[in-house]
Amino acid sequence: MALDTTAAVQPLGLTFDRVSHGNDIGKSVLPVLDEVTLDIRPGEFVALLGPSGCGKSTLLRLAAGLEQPVRGRVEGDGKPVAAPGPDRVLVFQDATLFPWRTVRGNVESGPEARGELAAKRARVDEALALVGLDAFGEAYPHQLSGGMAQRAAIARALVNDPRLLLLDEPLGKLDSLTRLNLQKDLVRLWQARGFTAILVTHDVEEALLLADRVILFSPRPARIVQEVRVDRPHPRRRDDPALIATRSALLARLGVLEDV
Amino acid sequence: MTDAIDLRQAGSPAVLPFRLWREAAWAALAWGATAAVTWGLPDVIQWGATGLFALLSAAVALVFLALAFLVPLRGKTEGALIHYGPWYIALGLWLLAWEILTAKLGWLPKPFFSPPQGLLHVFVTDWDRLLICIAYTARLWGLGFFLGITLGFAAGVGLGWSRRFAYWGMPLLKLIGPVPASAWIPCAFFLFPSTFHASVFLVALASGIPVAILTASGISQVNRAFYDVARTLGATARWQVRNVAIPAALPNVFVGLFMGLYYSFAVLVVAEMLGAKFGLGWYLQFNTAYSAYANVYAALVVMALICAGLVRVLFVVRDRVLGWQKGIL
């Protein structure tokens with residue numbers, strides 16, 4: 001795969017400074033984030049782990065600029081994140097491909113929306129090749145398997161050369177084999193392009209396989225309860241004893257007993 | 001079957017067993033019977049194109065007879081032609097029964113029921129006036145329908161996309177929308193400078209309102225995540241309307257277009273019956289007044305063909321535009 005032709009990007013450093021947030025649910029506001037402070041270095045791969053519905057996804061939406069925090073500040077390279085932009089792209093749990101566009105049309109949508117398509121056609125082909133979908137450019141989303149759709153969504157994000165890639169359980173709905181392959185692909189892409197990555201996941205093992213740092217959250221409203229640095233080199237093995245030990249500790253912290 | 005095998009064993013060229021497309025043969029028989037009855041038996045009264053109708057039926061019978069032999073020779077066993085085989089028989093029998101009950105026995109009350117040759121007579125003698133009426137109707141329908149769906153679509157996009165537009169527009173649409181377009185007829189005819197303008201307005205109203213309502217609801221139902229994706233990719237609001245909201249709403253828009261199409265036909269004929277000087281609706285009205293029921297039936301046949309044809313065209317357009325939906329529906 002022609003990885004060396006894709007220029008590495010200038011990764012984004014991200015800071016959450018005492019961020020609190022709530023979701024408006026009609027009459028009252030449901031607190032979702034409670035004083036979250038987190039510093040993410042440029043080029044770091046951080047996994048956010050926690051019970052479901054605890055507010056991890058909200059953190060990603062704030063980082064993407066899709067929402068503004070109720071209190072506190074979210075800053076990218078020291079500047080407040082005010083609006084969504086193509087340097088911080090979000091990949092969702094559902095691929096959310098535009099069903100009326102072909103795979104290529106989906107990948108093209110970012111450059112097209114910014115009026116840069118003419119200059120970026122070669123990059124579209126490159127992004128499709130990068131995720132192994134070069135033969136499926138003319139296919140429509142309903143013709144793709146779940147894994148292929150998610151690859152297409154990743155290509156749609158990568159073609160914009162994001163400095164920060166936000167991954168909201170992108171592998172959550174895939175079968176376990178597809179999942180293993182895509183986990184490897186994510187590490188490969190991250191190493192090749194050098195972007196900063198934040199991954200929300202329920203899967204402790206996935207977090208440990210991919211991330212430099214795993215942040216553990218409490219149930220809603222989310223607070224950071226633990227940080228684990230993972231300094232094993234890539235490629236990592238899931239039967240690495242050090243990782244297995246960390247995994248047990250994290251699972252215990254999440255309230256899951258070892259023999260489950 | 002055994003004969004054929006014996007022949008081949010004897011070394012002579014393979015002879016295909018004799019085969020016949022049965023339905024076509026029966027159809028030939030039915031159409032032939034129609035021709036024979038029409039020609040051979042006397043009419044109760046003078047109807048017009050009796051000879052021509054007999055001739056045409058006989059020609060159709062001959063075509064089916066030829067097809068009965070030719071189609072098996074070509075080795076065809078499926079396709080639209082063969083699929084409709086039973087229909088050809090039914091049509092022949094229908095014409096036969098119709099011919100006997102009206103022209104030959106005169107059992108059906110006379111001015112109201114016309115035999116096939118009566119309708120044929122209208123097409124042969126009054127085709128020029130029918131064509132002019134079709135042209136007038138087409139002009140009125142075309143102007144009204146396309147004006148209606150264009151404005152309806154634009155209004156629907158505005159209502160679905162803009163909160164402020166929806167705040168003022170939605171209550172109006174909900175109030176006016178359910179009123180049948182024909183209820184506007186009394187006002188329309190004095191509000192507009194001419195009956196033609198009034199008729200265009202009525203057709204536009206009938207076709208535009210369902211398009212507006214369904215476009216608006218389609219756009220407001222678009223999955224929010226698509227907008228989130230578009231925003232993170234750096235899309236402007238304009239791009240989101242054109243490339244997310246509208247394509248996502250298109251399936252709904254087409255439902256509105258189909259409804260609008262049917263409503264437009266209904267209003268079209270009523271409007272023409274009331275004020276027009278030409279047009280198919282006027283033709284119906286005019287000939288009913290003269291008890292020329294053969295002309296009425298002839299116009300109905302023309303209208304059925306035109307309306308069904310337009311519906312068919314819309315289906316083709318929809319299948320083209322919504323090709324990406326295959327497998328989702």
# chains A, B, ... in the order shown; residues from 1 in each chain; ligands from 1

call {"tool": "residues_around", "arguments": {"residues": "segment 159-175 of chain B", "least_positions_apart": "2", "cutoff": "9 Å", "atoms": "only C-alpha atoms", "output": "PyMOL selection string"}}
result
chain B and resi 154-157+177-179+209+212-213+215-221+241+245

call {"tool": "select_by_dssp", "arguments": {"residues": "segment 36-82 of chain B", "states": "helix (DSSP H, G or I)", "output": "PyMOL selection string"}}
result
chain B and resi 36-40+50-73+80-82

call {"tool": "write_last_selection", "arguments": {"atoms": "C-alpha atoms", "output": "compact mmCIF listing (two decimals), in the first residue's frame"}}
result
# COMPACT_ATOMS: atom_id res chain seq x y z
CA ALA B 36 -67.09 -12.46 -38.28
CA VAL B 37 -69.97 -11.41 -36.05
CA THR B 38 -69.43 -7.74 -36.84
CA TRP B 39 -69.34 -8.34 -40.57
CA GLY B 40 -71.87 -11.13 -40.88
CA THR B 50 -68.87 -1.29 -38.86
CA GLY B 51 -66.87 -2.42 -41.86
CA LEU B 52 -63.66 -0.82 -40.60
CA PHE B 53 -64.06 -2.42 -37.18
CA ALA B 54 -64.58 -5.84 -38.74
CA LEU B 55 -61.50 -5.29 -40.87
CA LEU B 56 -59.35 -4.21 -37.94
CA SER B 57 -60.48 -7.16 -35.80
CA ALA B 58 -59.71 -9.51 -38.63
CA ALA B 59 -56.25 -7.95 -39.02
CA VAL B 60 -55.55 -8.36 -35.32
CA ALA B 61 -56.77 -11.97 -35.54
CA LEU B 62 -54.33 -12.58 -38.42
CA VAL B 63 -51.46 -11.04 -36.47
CA PHE B 64 -52.18 -13.34 -33.54
CA LEU B 65 -52.45 -16.31 -35.86
CA ALA B 66 -49.03 -15.49 -37.30
CA LEU B 67 -47.58 -14.99 -33.82
CA ALA B 68 -48.99 -18.33 -32.68
CA PHE B 69 -46.66 -20.02 -35.19
CA LEU B 70 -43.75 -17.57 -35.29
CA VAL B 71 -43.13 -17.10 -31.56
CA PRO B 72 -42.42 -20.81 -30.86
CA LEU B 73 -40.19 -20.92 -33.94
CA ALA B 80 -43.81 -9.10 -22.07
CA LEU B 81 -45.50 -10.35 -25.26
CA ILE B 82 -46.04 -13.84 -23.86

call {"tool": "atom_distance", "arguments": {"atom1": "atom CA of Leu186 of chain A", "atom2": "atom CA of Arg88 of chain A"}}
result
16.3 Å

call {"tool": "closest_atom_pairs", "arguments": {"of": "chain A", "to": "chain B", "cutoff": "6 Å", "atoms": "only C-alpha atoms", "output": "Markdown table"}}
result
| residue | atom | partner | partner_atom | distance |
| --- | --- | --- | --- | --- |
| A:Pro84 | CA | B:Thr232 | CA | 4.8 |
| A:Gly85 | CA | B:Thr232 | CA | 4.9 |
| A:Pro86 | CA | B:Leu233 | CA | 4.6 |
| A:Val89 | CA | B:Thr232 | CA | 5.6 |
| A:Trp100 | CA | B:Trp324 | CA | 5.3 |
| A:Gly110 | CA | B:Leu233 | CA | 4.8 |
| A:Ala113 | CA | B:Ala235 | CA | 4.8 |

call {"tool": "write_last_selection", "arguments": {"atoms": "C-alpha atoms", "output": "PDB file, in the first residue's frame"}}
result
ATOM      1  CA  PRO A  84     -17.089  22.173  13.411  1.00  0.00           C
ATOM      2  CA  GLY A  85     -14.329  22.032  10.825  1.00  0.00           C
ATOM      3  CA  PRO A  86     -12.616  19.533   8.565  1.00  0.00           C
ATOM      4  CA  VAL A  89     -13.477  14.915  11.784  1.00  0.00           C
ATOM      5  CA  TRP A 100     -27.731   8.595  -2.270  1.00  0.00           C
ATOM      6  CA  GLY A 110     -15.813  16.893   2.197  1.00  0.00           C
ATOM      7  CA  ALA A 113     -18.454  20.927   0.186  1.00  0.00           C
TER       8      ALA A 113
END

call {"tool": "residues_around", "arguments": {"residues": "Leu166 of chain A", "least_positions_apart": "4", "cutoff": "9 Å", "atoms": "only C-alpha atoms", "output": "number ranges by chain"}}
result
A: 60-61, 63-64, 88-92, 196-200

call {"tool": "write_last_selection", "arguments": {"atoms": "C-alpha atoms", "output": "PDB file, in the first residue's frame"}}
result
ATOM      1  CA  LEU A  60     -16.198  13.932  21.157  1.00  0.00           C
ATOM      2  CA  ARG A  61     -19.024  16.201  19.990  1.00  0.00           C
ATOM      3  CA  ALA A  63     -14.066  18.326  20.486  1.00  0.00           C
ATOM      4  CA  ALA A  64     -15.605  18.324  17.009  1.00  0.00           C
ATOM      5  CA  ARG A  88     -11.392  17.661  13.390  1.00  0.00           C
ATOM      6  CA  VAL A  89     -13.477  14.915  11.784  1.00  0.00           C
ATOM      7  CA  LEU A  90     -15.838  12.606  13.615  1.00  0.00           C
ATOM      8  CA  VAL A  91     -16.479   8.976  12.645  1.00  0.00           C
ATOM      9  CA  PHE A  92     -19.701   7.622  14.105  1.00  0.00           C
ATOM     10  CA  THR A 196      -4.144  12.877  16.975  1.00  0.00           C
ATOM     11  CA  ALA A 197      -6.816  10.248  17.676  1.00  0.00           C
ATOM     12  CA  ILE A 198      -9.497   9.986  20.333  1.00  0.00           C
ATOM     13  CA  LEU A 199     -11.382   6.699  20.418  1.00  0.00           C
ATOM     14  CA  VAL A 200     -14.538   6.119  22.436  1.00  0.00           C
TER      15      VAL A 200
END

call {"tool": "closest_residue", "arguments": {"among": "A:Ala192, A:Leu251, A:Ala47, A:Ala149", "to": "Ala211 of chain A", "atoms": "only C-alpha atoms"}}
result
A:Ala47

call {"tool": "residues_around", "arguments": {"residues": "Pro210 of chain B", "least_positions_apart": "2", "cutoff": "7 Å", "atoms": "only C-alpha atoms", "output": "PyMOL selection string"}}
result
chain B and resi 207-208+212-214+256+259-260

call {"tool": "residues_around", "arguments": {"residues": "Gly137 of chain A", "least_positions_apart": "5", "cutoff": "9 Å", "atoms": "only C-alpha atoms", "output": "VMD selection string"}}
result
chain A and resid 102 to 105 107 125 128

call {"tool": "atom_distance", "arguments": {"atom1": "atom CA of Val46 of chain A", "atom2": "atom CA of Asp240 of chain A"}}
result
19.6 Å

call {"tool": "atom_distance", "arguments": {"atom1": "atom CA of Thr137 of chain B", "atom2": "atom CA of Gly309 of chain B"}}
result
14.6 Å

call {"tool": "residues_around", "arguments": {"residues": "Gly142 of chain B", "least_positions_apart": "6", "cutoff": "12 Å", "atoms": "only C-alpha atoms", "output": "short mmCIF file (atom, residue, chain, number, x, y, z; two decimals) with N, CA and C atoms, in the first residue's frame"}}
result
data_model
loop_
_atom_site.label_atom_id
_atom_site.label_comp_id
_atom_site.auth_asym_id
_atom_site.auth_seq_id
_atom_site.Cartn_x
_atom_site.Cartn_y
_atom_site.Cartn_z
N ILE B 134 -56.89 17.58 -26.96
CA ILE B 134 -55.74 17.04 -26.24
C ILE B 134 -54.68 18.12 -26.07
N ALA B 135 -54.45 18.90 -27.12
CA ALA B 135 -53.43 19.96 -27.05
C ALA B 135 -53.81 20.99 -25.99
N TYR B 136 -55.09 21.40 -25.99
CA TYR B 136 -55.51 22.38 -24.99
C TYR B 136 -55.36 21.83 -23.58
N GLY B 148 -47.15 24.18 -10.28
CA GLY B 148 -47.53 23.72 -8.94
C GLY B 148 -46.41 22.97 -8.25
N ILE B 149 -45.80 22.01 -8.96
CA ILE B 149 -44.78 21.21 -8.25
C ILE B 149 -43.52 22.02 -8.01
N THR B 150 -43.21 22.99 -8.91
CA THR B 150 -42.02 23.81 -8.68
C THR B 150 -42.22 24.67 -7.43
N SER B 199 -58.00 28.21 -14.24
CA SER B 199 -57.81 26.76 -14.33
C SER B 199 -56.37 26.38 -14.03
N VAL B 200 -55.41 27.17 -14.54
CA VAL B 200 -54.00 26.89 -14.24
C VAL B 200 -53.78 26.96 -12.74
N PHE B 201 -54.36 27.98 -12.12
CA PHE B 201 -54.22 28.12 -10.67
C PHE B 201 -54.74 26.88 -9.94
N VAL B 203 -55.16 23.76 -11.05
CA VAL B 203 -54.32 22.59 -11.26
C VAL B 203 -53.02 22.72 -10.47
N ALA B 204 -52.44 23.93 -10.46
CA ALA B 204 -51.20 24.16 -9.72
C ALA B 204 -51.42 23.94 -8.23
N SER B 207 -51.78 20.16 -7.46
CA SER B 207 -50.55 19.37 -7.53
C SER B 207 -49.49 19.90 -6.57
N LEU B 261 -50.02 14.40 -8.92
CA LEU B 261 -50.39 14.01 -10.28
C LEU B 261 -51.85 13.58 -10.35
N SER B 264 -54.14 16.47 -9.79
CA SER B 264 -54.16 17.41 -10.92
C SER B 264 -55.11 16.92 -12.00
N PHE B 265 -55.18 15.61 -12.22
CA PHE B 265 -56.11 15.08 -13.22
C PHE B 265 -57.55 15.41 -12.81
N LEU B 268 -58.25 19.12 -13.18
CA LEU B 268 -58.13 19.49 -14.58
C LEU B 268 -59.46 19.34 -15.31
N LEU B 310 -48.80 9.20 -18.17
CA LEU B 310 -48.07 10.16 -17.33
C LEU B 310 -47.64 9.52 -16.02
#

call {"tool": "residues_around", "arguments": {"residues": "segment 6-23 of chain A", "least_positions_apart": "4", "cutoff": "8 Å", "atoms": "only C-alpha atoms", "output": "number ranges by chain"}}
result
A: 2, 29-43, 63, 69-78, 126, 161-164, 192-196

call {"tool": "write_last_selection", "arguments": {"atoms": "C-alpha atoms", "output": "mmCIF file, in the first residue's frame"}}
result
data_model
loop_
_atom_site.group_PDB
_atom_site.id
_atom_site.type_symbol
_atom_site.label_atom_id
_atom_site.label_comp_id
_atom_site.auth_asym_id
_atom_site.auth_seq_id
_atom_site.Cartn_x
_atom_site.Cartn_y
_atom_site.Cartn_z
ATOM 1 C CA ALA A 2 1.327 3.386 -1.015
ATOM 2 C CA VAL A 29 -31.018 19.486 32.020
ATOM 3 C CA LEU A 30 -29.375 16.101 32.394
ATOM 4 C CA PRO A 31 -25.789 16.551 33.600
ATOM 5 C CA VAL A 32 -23.456 14.610 31.321
ATOM 6 C CA LEU A 33 -19.921 15.828 31.990
ATOM 7 C CA ASP A 34 -18.614 16.968 35.355
ATOM 8 C CA GLU A 35 -15.454 19.079 35.456
ATOM 9 C CA VAL A 36 -13.504 17.037 32.940
ATOM 10 C CA THR A 37 -9.924 18.203 32.512
ATOM 11 C CA LEU A 38 -7.833 16.387 29.973
ATOM 12 C CA ASP A 39 -4.729 17.276 27.989
ATOM 13 C CA ILE A 40 -4.098 15.399 24.763
ATOM 14 C CA ARG A 41 -0.686 15.820 23.154
ATOM 15 C CA PRO A 42 -0.395 16.303 19.403
ATOM 16 C CA GLY A 43 -0.198 12.901 17.750
ATOM 17 C CA ALA A 63 -14.066 18.326 20.486
ATOM 18 C CA PRO A 69 -19.820 23.188 26.632
ATOM 19 C CA VAL A 70 -22.086 24.687 29.283
ATOM 20 C CA ARG A 71 -19.026 25.459 31.461
ATOM 21 C CA GLY A 72 -15.295 25.217 30.904
ATOM 22 C CA ARG A 73 -13.253 25.452 27.741
ATOM 23 C CA VAL A 74 -12.321 23.152 24.873
ATOM 24 C CA GLU A 75 -9.190 24.284 23.048
ATOM 25 C CA GLY A 76 -7.359 22.996 20.018
ATOM 26 C CA ASP A 77 -3.726 24.168 19.940
ATOM 27 C CA GLY A 78 -4.631 26.804 22.510
ATOM 28 C CA GLU A 126 -5.657 7.555 -2.391
ATOM 29 C CA ASP A 161 -6.345 15.383 6.230
ATOM 30 C CA PRO A 162 -7.830 15.786 9.716
ATOM 31 C CA ARG A 163 -5.372 16.854 12.387
ATOM 32 C CA LEU A 164 -7.632 15.219 14.949
ATOM 33 C CA ALA A 192 1.264 6.614 8.781
ATOM 34 C CA ARG A 193 -0.569 9.932 8.980
ATOM 35 C CA GLY A 194 0.394 11.073 12.440
ATOM 36 C CA PHE A 195 -2.963 12.645 13.405
ATOM 37 C CA THR A 196 -4.144 12.877 16.975
#

call {"tool": "closest_residue", "arguments": {"among": "B:Pro86, B:Pro180, B:Gly279, B:Gly48", "to": "Ser114 of chain B", "atoms": "only C-alpha atoms"}}
result
B:Gly48

call {"tool": "select_by_dssp", "arguments": {"residues": "segment 30-245 of chain A", "states": "strand (DSSP E)", "output": "JSON, numbers by chain"}}
result
{"A": [30, 31, 32, 33, 34, 35, 36, 37, 38, 39, 40, 45, 46, 47, 48, 49, 71, 72, 73, 74, 75, 76, 79, 80, 88, 89, 90, 91, 164, 165, 166, 167, 168, 196, 197, 198, 199, 200, 201, 213, 214, 215, 216, 217, 224, 225, 226, 227, 228, 229]}
